[in-house]
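Worksheet: the structure to be examined is printed underneath.
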Amino acid sequence: EKTPPAGGRKVFHPNEGPTRAKRGKPEVVQNGLLRPVTLSRGDLYKPPTADELNQLKEAESLFHCSLLKMQMEELLKEVSLSERRKQLIDSFVQSVTEQLQTVPQTSDMELSDLSWLSGGVKVPFVLVPKAAKGKFHMAPPISVTIIGSYPLGTCTKPGISVDLAVAIPADVLHPKDALNQRYPRKRAIYLAGLAQHLAASPAIGAMRYSCLHGNRLRPILLLSPPGKDSSSFTLRLHACPPPGFFKPSRFHPQRNNIRTDWYTGLGSSHEPPTPHYNSSVLGDMLPSAHLQFLTAVSSQCAAFAEGVALLKVWLRQRELDQGVGCFSGFLGSMLLAYLLSCHRVSNTMTAYQLLRNSLHFLAFNDLTENGITLAKGPDSTPSLAEFHTAFQVVFVDPSGHLNMCADMTACTYKQVQHEASLSLQFWDDPTVDGFHALLMTPKPMIRTSDHVFQLCELVKLQCCCKKLNLLSELMDHSGNYVLTALPFILSLLQRGLGQRVRLLTHSLTPDPEWPVESDAPKHNTQPPLSFGLLLNPEQAASVLERGPPADSPKAEEFRQLWGSRSELRRFQDGDITEAVVWEGETTCQKRLVPRQLITHLLQLHADIPESCVRYIGGMLDDVIKVGREVCSTGEEESLKVVQSYDDLSRKLWTLEGLPLSITSVQGAHPALRYTQVFPPVPLKLDYSFFDREKLSRSLVPHEVKPCPVYITPIQVICHMEGSGKWPHDRVAIRHIKAAFHISLGELLTQHHHYTCQPSPTHLDVWKDGLVFRIQVAYHREPQVLRESVSPEGLLIVRDNAEAQALEMATMQRPLLTSTLHGLQQLHPCFGAVCRLAKRWLGAQLFSDDITEDTADLLVASLFLQPAPFTPPGSPQVGFLRFLHLLSSFDWRNNPLVVNLNSQLTAADYTEIKNDFIASRESLPVMFMATPNDKKVSIWTKQAPTVQNMLLLAIRDPMGGILWEEKRLSLVPITMTELGRSEHFGVEVR
């Protein structure tokens, strides 16, 4: 293996010869391992060179550890193009360029006459309206130049794209072609002519059309090399006007270039501006100038290309660099150029520093309010204020005429801001693996957003544009009703959701691709439009939307927003205000209040029916529903159990008459931390189903009647204070504990009239239809179990399974229950995520391998160490992250640290990692470290096994199941099905 993975060590081939060390001394490869040679005393104590000192200082000042620096360097090697790949690209570009120079000349014809196109090649443009003035003829391009990231040295893997600008001859165009889509149509027809010419060349592989960042006005021709290299890279042909053909002033954001009478057939006294159309034409005029500008900037900064590469990887992992209105790699390059040109970063900075400063700028500079410009030209260029009136996000190029963020919505930039701020937050945390969180972990919307919903029938957005009177905007977007309606839908939802969400995001429509023999796809053929909500847990589930007072000027605006749902209400403080009340009695219903809100607003203001809104958040709640008459997700039942336990705990604390006082009362049952899959439901016994046993007066099921329902006992550990009267014999201690069980039962019956049943090992208390199993504990009993006396009379202390089990039951599990109970108070959906996770584990026959305590700790890690995400805000997103954790975590080489109560420091993390590496072979397969268990992993000591861990790892639970309207199957798999199954993914029904 010649090229190591990111962060890995190089593995040398056995046949390799000696290699040279940093100081010039050879190193010998023996049996496939690198062996250093013996150094002399002079070489061993040789002072470090200046280069070594600089590298050491950089690693100390810029990185948490030198490993992060090496990981960055390896990543840059992985994404950089090899020399062989560059040679292939250069050869193919040269071949295509030669082919383009032989394009045949044709005679003039009407622009609408496409009869000269043969071979089934279609024009990559939606010709609506069909009428268009002008003449057209084919001719060889006047120049073919490489533009974009490849000549700049910022082209990265995967998805290598090389851009080729093909200049359309000036006699093909007309100075007035900027009007009424004449230039975009000629551009598209010219591309079709090139496709027809190149189709006959054996040097060209597959050909297809696409659009640059989804802009239908800027189609491009994609070319692949023939043979086995067809998938190694893609050549993108851009048809551009010749330099200086159009005047940039014609494309001022306040000017109109699409006439209303041409587009609609109806006259108009006022022509609205067409800023988006103008930007699309400007974008074709300036790529060469942009390349010259970036080349000049990058020549002054040695790490410019590497900084852009890291920024591209960061954007790619967050799905922000592709699609309509994306923050592309080109924008990343321009951002770095802006920071360098205004001296916010230094030319001597490393790639790491460039990335960090870029993220810092994005996190703390809002381009939706205060745009930035690279222009240093004349005052005739539009001002930033004029750009802000036309666009939501403003970043002006060096010419001063083009807003490079013209198609970006404010929500997309807010998402970039949020991601940048989040990245800086956990990169500065020494307990987080910043490299993997920033650059190695993908963040799809389904695992990032708490709630996700989709607009399925996009054709309905035509009615939305009509109702919202968006004709001028529809003209500006050349009939793309999806992009026209999107900003208004986002604004509507933002107003309605208000403080319920911290972030509203939407999917970026991917660039369409289609064969050159097919017509351009229509706007409604694109995938459903997805929206993500990052919830504010304090207000997201509120059923009350309180508005302004009835006599306030804002009251009318509130009524218009909510329509018939708005009503006047008097509150306890005496105020009479407008208000909207949503349905929601149970926690599950309250969790879906955003769904009610969204469907109501879309129906009222955009004519989008509820059937077109596919709401994905909360769809998994029904798999943990309990009860017969009124089904709920069990959260209310868990709360009743905890409330009953709290009352019992208070009464135990106040008991009088015991020989020793009670020092602590702790729950040791999953129901007391809200994580029991099916929490105990209060029951009322029907005594006709029982006989009463004569001696103990116990209830025994009647022989002739059905067996009564099983009542789950809830474990409670009651610690008694230490005393010199406690015996030092294990049997005597058990007798004393049995006596305490009897005394506790008598006192609870006497003072609180509870039905109690004492036994030698525990006391069962019947309270509120629940059974609490109280177990008295003595803190020194595990130590007594470890002690024994040898035949020679020596005291031997030896750990054993009995002592470990007792310590686990009376100390570790109660402490874990208390800690996770506190975590539930911080994150209300923690318990629901645990229950979903354990429901899935049980259905996949893993309950014996992943115990309840282990599963709860796995889920807790998602809330305590969520990087690169925020803590889950809904059961669904937490469950999906749990599945991803099981399928992707490297248990072989890394411990999973669960930092309960934030007790572990950075030094503790280092200690845990070092101990783990040193003792890996003797540790459990799934190693989990907690503040009270740093070295042993008591929760996974017995299970799972290596085989079952492999079975867990190969299950691919993230295969898009939620997007296909399918349900996770929680029906257990039989052994027969397991034996003949060829794919161990989540079962789908």
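Chain lettering (A, B, ...) mirrors the order of the structure tokens, residue numbering begins at 1 for each chain separately, and ligand numbering begins at 1 in order of display.
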Do you know which residues are at most 7 Å from stretch 85-100 of chain A counting only C-alpha atoms, after dropping those on the same chain fewer than 2 positions away, and could you put them as a JSON list (two decimals) with C-alpha atoms, in the first residue's frame?
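Final output, saved to result13.json:
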```json
[["chain", "number", "residue", "atom", "x", "y", "z"],
["A", 81, "LEU", "CA", -4.51, 15.29, -8.26],
["A", 82, "SER", "CA", -1.75, 12.87, -9.15],
["A", 83, "GLU", "CA", 0.65, 13.57, -11.99],
["A", 102, "THR", "CA", -12.76, 21.97, -36.84],
["A", 103, "VAL", "CA", -16.39, 22.96, -36.20],
["A", 140, "PRO", "CA", -15.55, 27.57, -34.93],
["A", 144, "VAL", "CA", -10.73, 27.69, -26.18],
["A", 225, "PRO", "CA", -12.77, 10.52, -21.92]]
```
Strand (DSSP E) call set, DSSP backbone run, stretch 708-890 of chain A, as a PyMOL selection string: chain A and resi 713-720+755-758+763-767+770-777+787-789+795-797
Can you tell me which residues surround A:Pro727 at a distance of at most 9 Å, considering only C-alpha atoms, apart from same-chain residues fewer than 4 positions away, and format the answer as a ChimeraX atom specification? /A:732-733,736
Just to be explicit: take each residue in the selection above, keep N, CA, C and O atoms, and write the result as an mmCIF file, in the first residue's frame.
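The file below, part.cif, is the result:
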```cif
data_model
loop_
_atom_site.group_PDB
_atom_site.id
_atom_site.type_symbol
_atom_site.label_atom_id
_atom_site.label_comp_id
_atom_site.auth_asym_id
_atom_site.auth_seq_id
_atom_site.Cartn_x
_atom_site.Cartn_y
_atom_site.Cartn_z
ATOM 1 N N ALA A 732 -23.888 -13.074 57.602
ATOM 2 C CA ALA A 732 -24.484 -12.216 58.628
ATOM 3 C C ALA A 732 -25.002 -10.910 58.025
ATOM 4 O O ALA A 732 -26.057 -10.396 58.430
ATOM 5 N N ILE A 733 -24.256 -10.377 57.057
ATOM 6 C CA ILE A 733 -24.697 -9.140 56.416
ATOM 7 C C ILE A 733 -26.031 -9.370 55.706
ATOM 8 O O ILE A 733 -26.938 -8.531 55.756
ATOM 9 N N ILE A 736 -28.780 -9.348 58.225
ATOM 10 C CA ILE A 736 -29.095 -7.995 58.678
ATOM 11 C C ILE A 736 -29.928 -7.260 57.630
ATOM 12 O O ILE A 736 -30.901 -6.566 57.945
#
```
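By only C-alpha atoms, and with residues fewer than 5 positions from stretch 668-679 of chain A along its chain excluded, the set lying at most 6 Å from it is Ser638, Val642, Ile714, Gln715, Val716, Arg813, Pro814, Thr817, Leu820, His821, Gly831, Cys834 and Arg835 of chain A.
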Written selection (N, CA, C and O atoms) as a JSON list (two decimals), in the first residue's frame:
```
[["chain", "number", "residue", "atom", "x", "y", "z"],
["A", 638, "SER", "N", -43.69, 7.18, 31.70],
["A", 638, "SER", "CA", -42.40, 7.28, 32.38],
["A", 638, "SER", "C", -42.42, 8.38, 33.43],
["A", 638, "SER", "O", -41.86, 8.21, 34.52],
["A", 642, "VAL", "N", -41.69, 8.08, 37.52],
["A", 642, "VAL", "CA", -40.68, 8.90, 38.22],
["A", 642, "VAL", "C", -41.35, 9.68, 39.35],
["A", 642, "VAL", "O", -40.78, 9.80, 40.45],
["A", 714, "ILE", "N", -39.80, -2.29, 39.91],
["A", 714, "ILE", "CA", -38.89, -1.16, 39.68],
["A", 714, "ILE", "C", -37.84, -1.17, 40.78],
["A", 714, "ILE", "O", -38.17, -0.98, 41.96],
["A", 715, "GLN", "N", -36.60, -1.38, 40.39],
["A", 715, "GLN", "CA", -35.52, -1.56, 41.36],
["A", 715, "GLN", "C", -35.16, -0.23, 42.02],
["A", 715, "GLN", "O", -34.95, 0.78, 41.36],
["A", 716, "VAL", "N", -35.08, -0.26, 43.37],
["A", 716, "VAL", "CA", -34.67, 0.90, 44.16],
["A", 716, "VAL", "C", -33.62, 0.44, 45.16],
["A", 716, "VAL", "O", -33.84, -0.55, 45.88],
["A", 813, "ARG", "N", -24.92, 0.96, 38.79],
["A", 813, "ARG", "CA", -26.18, 1.18, 38.08],
["A", 813, "ARG", "C", -27.01, 2.30, 38.70],
["A", 813, "ARG", "O", -27.58, 3.12, 37.96],
["A", 814, "PRO", "N", -27.13, 2.40, 40.05],
["A", 814, "PRO", "CA", -27.85, 3.56, 40.60],
["A", 814, "PRO", "C", -27.20, 4.90, 40.24],
["A", 814, "PRO", "O", -27.90, 5.87, 39.94],
["A", 817, "THR", "N", -28.09, 5.62, 36.67],
["A", 817, "THR", "CA", -29.48, 6.04, 36.56],
["A", 817, "THR", "C", -29.66, 7.49, 36.98],
["A", 817, "THR", "O", -30.36, 8.26, 36.31],
["A", 820, "LEU", "N", -28.09, 9.77, 34.16],
["A", 820, "LEU", "CA", -28.88, 9.84, 32.94],
["A", 820, "LEU", "C", -30.23, 10.51, 33.18],
["A", 820, "LEU", "O", -30.80, 11.12, 32.26],
["A", 821, "HIS", "N", -30.74, 10.41, 34.39],
["A", 821, "HIS", "CA", -31.95, 11.16, 34.74],
["A", 821, "HIS", "C", -31.69, 12.66, 34.60],
["A", 821, "HIS", "O", -32.54, 13.41, 34.09],
["A", 831, "GLY", "N", -34.63, 10.31, 26.48],
["A", 831, "GLY", "CA", -35.28, 9.05, 26.81],
["A", 831, "GLY", "C", -35.94, 8.41, 25.61],
["A", 831, "GLY", "O", -35.86, 7.18, 25.41],
["A", 834, "CYS", "N", -33.32, 6.74, 23.44],
["A", 834, "CYS", "CA", -32.89, 5.47, 24.04],
["A", 834, "CYS", "C", -33.91, 4.37, 23.78],
["A", 834, "CYS", "O", -33.54, 3.23, 23.46],
["A", 835, "ARG", "N", -35.17, 4.69, 23.90],
["A", 835, "ARG", "CA", -36.20, 3.67, 23.75],
["A", 835, "ARG", "C", -36.29, 3.21, 22.31],
["A", 835, "ARG", "O", -36.50, 2.02, 22.03]]
```
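Residues in contact with A:Pro241 at up to 7 Å, not including ones fewer than 2 positions away on its chain and judged by only C-alpha atoms, are Ala167, Ile168, Pro243, Phe245, Asp284 and Met285 of chain A.
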Identify, on the basis of only C-alpha atoms, every residue whose closest approach to stretch 874-890 of chain A does not exceed 6 Å; exclude the query and any residue fewer than 4 positions from it along the same chain; express the result as a PyMOL selection string. chain A and resi 447+450+829+832-833+894+953
With the cut-off set at 9 Å and counting only C-alpha atoms, tabulate each residue of stretch 213-329 of chain A with an atom at most that distance from an atom of stretch 187-203 of chain A, showing the nearest atom pair and its distance in Å to one decimal, ordered by chain and increasing number, as JSON lines.
```
{"residue": "A:Leu217", "atom": "CA", "partner": "A:Ala188", "partner_atom": "CA", "distance": 8.3}
{"residue": "A:Arg218", "atom": "CA", "partner": "A:Ala188", "partner_atom": "CA", "distance": 7.8}
{"residue": "A:Pro219", "atom": "CA", "partner": "A:Ala188", "partner_atom": "CA", "distance": 6.4}
{"residue": "A:Ile220", "atom": "CA", "partner": "A:Leu191", "partner_atom": "CA", "distance": 7.3}
{"residue": "A:Leu221", "atom": "CA", "partner": "A:Leu191", "partner_atom": "CA", "distance": 6.7}
{"residue": "A:Pro225", "atom": "CA", "partner": "A:Ala203", "partner_atom": "CA", "distance": 7.1}
{"residue": "A:Pro226", "atom": "CA", "partner": "A:Ala203", "partner_atom": "CA", "distance": 6.4}
{"residue": "A:Leu237", "atom": "CA", "partner": "A:Leu191", "partner_atom": "CA", "distance": 8.1}
{"residue": "A:His238", "atom": "CA", "partner": "A:Leu191", "partner_atom": "CA", "distance": 8.1}
{"residue": "A:Ala239", "atom": "CA", "partner": "A:Arg187", "partner_atom": "CA", "distance": 6.0}
{"residue": "A:Cys240", "atom": "CA", "partner": "A:Arg187", "partner_atom": "CA", "distance": 7.4}
{"residue": "A:Pro241", "atom": "CA", "partner": "A:Arg187", "partner_atom": "CA", "distance": 8.4}
```
Got a sec: who's within 6 Å of stretch 403-419 of chain A, counting only C-alpha atoms, leaving out chain neighbours fewer than 5 positions off, as an mmCIF file with all heavy atoms, in the first residue's frame?
```cif
data_model
loop_
_atom_site.group_PDB
_atom_site.id
_atom_site.type_symbol
_atom_site.label_atom_id
_atom_site.label_comp_id
_atom_site.auth_asym_id
_atom_site.auth_seq_id
_atom_site.Cartn_x
_atom_site.Cartn_y
_atom_site.Cartn_z
ATOM 1 N N GLY A 325 -27.702 27.898 -5.846
ATOM 2 C CA GLY A 325 -27.459 28.797 -4.728
ATOM 3 C C GLY A 325 -26.492 28.254 -3.705
ATOM 4 O O GLY A 325 -26.565 28.621 -2.532
ATOM 5 N N LEU A 362 -16.688 33.749 8.213
ATOM 6 C CA LEU A 362 -18.050 33.336 7.906
ATOM 7 C C LEU A 362 -18.938 33.345 9.141
ATOM 8 O O LEU A 362 -20.123 33.683 9.070
ATOM 9 C CB LEU A 362 -18.041 31.940 7.280
ATOM 10 C CG LEU A 362 -17.451 31.820 5.871
ATOM 11 C CD1 LEU A 362 -17.327 30.365 5.466
ATOM 12 C CD2 LEU A 362 -18.306 32.582 4.866
ATOM 13 N N ALA A 363 -18.369 32.959 10.279
ATOM 14 C CA ALA A 363 -19.175 32.857 11.498
ATOM 15 C C ALA A 363 -19.597 34.231 12.023
ATOM 16 O O ALA A 363 -20.676 34.355 12.612
ATOM 17 C CB ALA A 363 -18.391 32.097 12.565
ATOM 18 N N PHE A 391 -30.795 41.324 -4.041
ATOM 19 C CA PHE A 391 -30.354 39.982 -3.652
ATOM 20 C C PHE A 391 -30.348 39.845 -2.137
ATOM 21 O O PHE A 391 -30.188 40.831 -1.410
ATOM 22 C CB PHE A 391 -28.948 39.694 -4.198
ATOM 23 C CG PHE A 391 -28.808 39.896 -5.682
ATOM 24 C CD1 PHE A 391 -28.130 41.000 -6.180
ATOM 25 C CD2 PHE A 391 -29.354 38.991 -6.571
ATOM 26 C CE1 PHE A 391 -27.992 41.196 -7.538
ATOM 27 C CE2 PHE A 391 -29.226 39.174 -7.935
ATOM 28 C CZ PHE A 391 -28.547 40.285 -8.419
ATOM 29 N N GLN A 392 -30.495 38.603 -1.667
ATOM 30 C CA GLN A 392 -30.497 38.346 -0.233
ATOM 31 C C GLN A 392 -29.079 38.266 0.342
ATOM 32 O O GLN A 392 -28.868 38.612 1.500
ATOM 33 C CB GLN A 392 -31.244 37.041 0.059
ATOM 34 C CG GLN A 392 -32.722 37.097 -0.259
ATOM 35 C CD GLN A 392 -33.468 35.872 0.231
ATOM 36 O OE1 GLN A 392 -32.879 34.904 0.675
ATOM 37 N NE2 GLN A 392 -34.791 35.914 0.134
ATOM 38 N N VAL A 393 -28.127 37.772 -0.440
ATOM 39 C CA VAL A 393 -26.741 37.650 -0.003
ATOM 40 C C VAL A 393 -25.879 38.380 -1.027
ATOM 41 O O VAL A 393 -26.070 38.202 -2.238
ATOM 42 C CB VAL A 393 -26.296 36.173 0.101
ATOM 43 C CG1 VAL A 393 -24.907 36.061 0.702
ATOM 44 C CG2 VAL A 393 -27.304 35.378 0.931
ATOM 45 N N VAL A 394 -24.906 39.180 -0.558
ATOM 46 C CA VAL A 394 -24.131 40.018 -1.462
ATOM 47 C C VAL A 394 -22.639 39.781 -1.252
ATOM 48 O O VAL A 394 -22.111 39.956 -0.147
ATOM 49 C CB VAL A 394 -24.449 41.517 -1.251
ATOM 50 C CG1 VAL A 394 -23.554 42.386 -2.143
ATOM 51 C CG2 VAL A 394 -25.913 41.793 -1.544
ATOM 52 N N PHE A 395 -21.973 39.354 -2.332
ATOM 53 C CA PHE A 395 -20.519 39.208 -2.385
ATOM 54 C C PHE A 395 -20.124 39.587 -3.813
ATOM 55 O O PHE A 395 -20.305 38.810 -4.740
ATOM 56 C CB PHE A 395 -20.112 37.782 -2.041
ATOM 57 C CG PHE A 395 -18.618 37.548 -1.970
ATOM 58 C CD1 PHE A 395 -17.716 38.595 -2.025
ATOM 59 C CD2 PHE A 395 -18.114 36.263 -1.857
ATOM 60 C CE1 PHE A 395 -16.355 38.385 -1.951
ATOM 61 C CE2 PHE A 395 -16.757 36.030 -1.781
ATOM 62 C CZ PHE A 395 -15.877 37.094 -1.836
ATOM 63 N N VAL A 396 -19.593 40.813 -3.985
ATOM 64 C CA VAL A 396 -19.357 41.378 -5.310
ATOM 65 C C VAL A 396 -17.961 41.010 -5.793
ATOM 66 O O VAL A 396 -16.987 41.052 -5.034
ATOM 67 C CB VAL A 396 -19.540 42.909 -5.284
ATOM 68 C CG1 VAL A 396 -19.374 43.500 -6.681
ATOM 69 C CG2 VAL A 396 -20.913 43.264 -4.730
ATOM 70 N N THR A 505 -33.313 25.480 7.233
ATOM 71 C CA THR A 505 -32.478 25.203 6.070
ATOM 72 C C THR A 505 -33.324 24.562 4.973
ATOM 73 O O THR A 505 -34.442 24.102 5.224
ATOM 74 C CB THR A 505 -31.312 24.265 6.424
ATOM 75 O OG1 THR A 505 -31.838 22.983 6.834
ATOM 76 C CG2 THR A 505 -30.479 24.836 7.563
#
```
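Counting from atom CA of A:Gln181, the distance to atom CA of A:His477 is 11.1 Å.
Proximity of A:Cys707, A:Cys588, A:Met138, A:Leu660 to A:Trp116, computed with only C-alpha atoms, is greatest for A:Met138.
With only C-alpha atoms as the atoms that count, the residue of A:Pro169, A:Pro708, A:Pro47, A:Gly265 with the shortest distance to A:Lys130 is A:Gly265.
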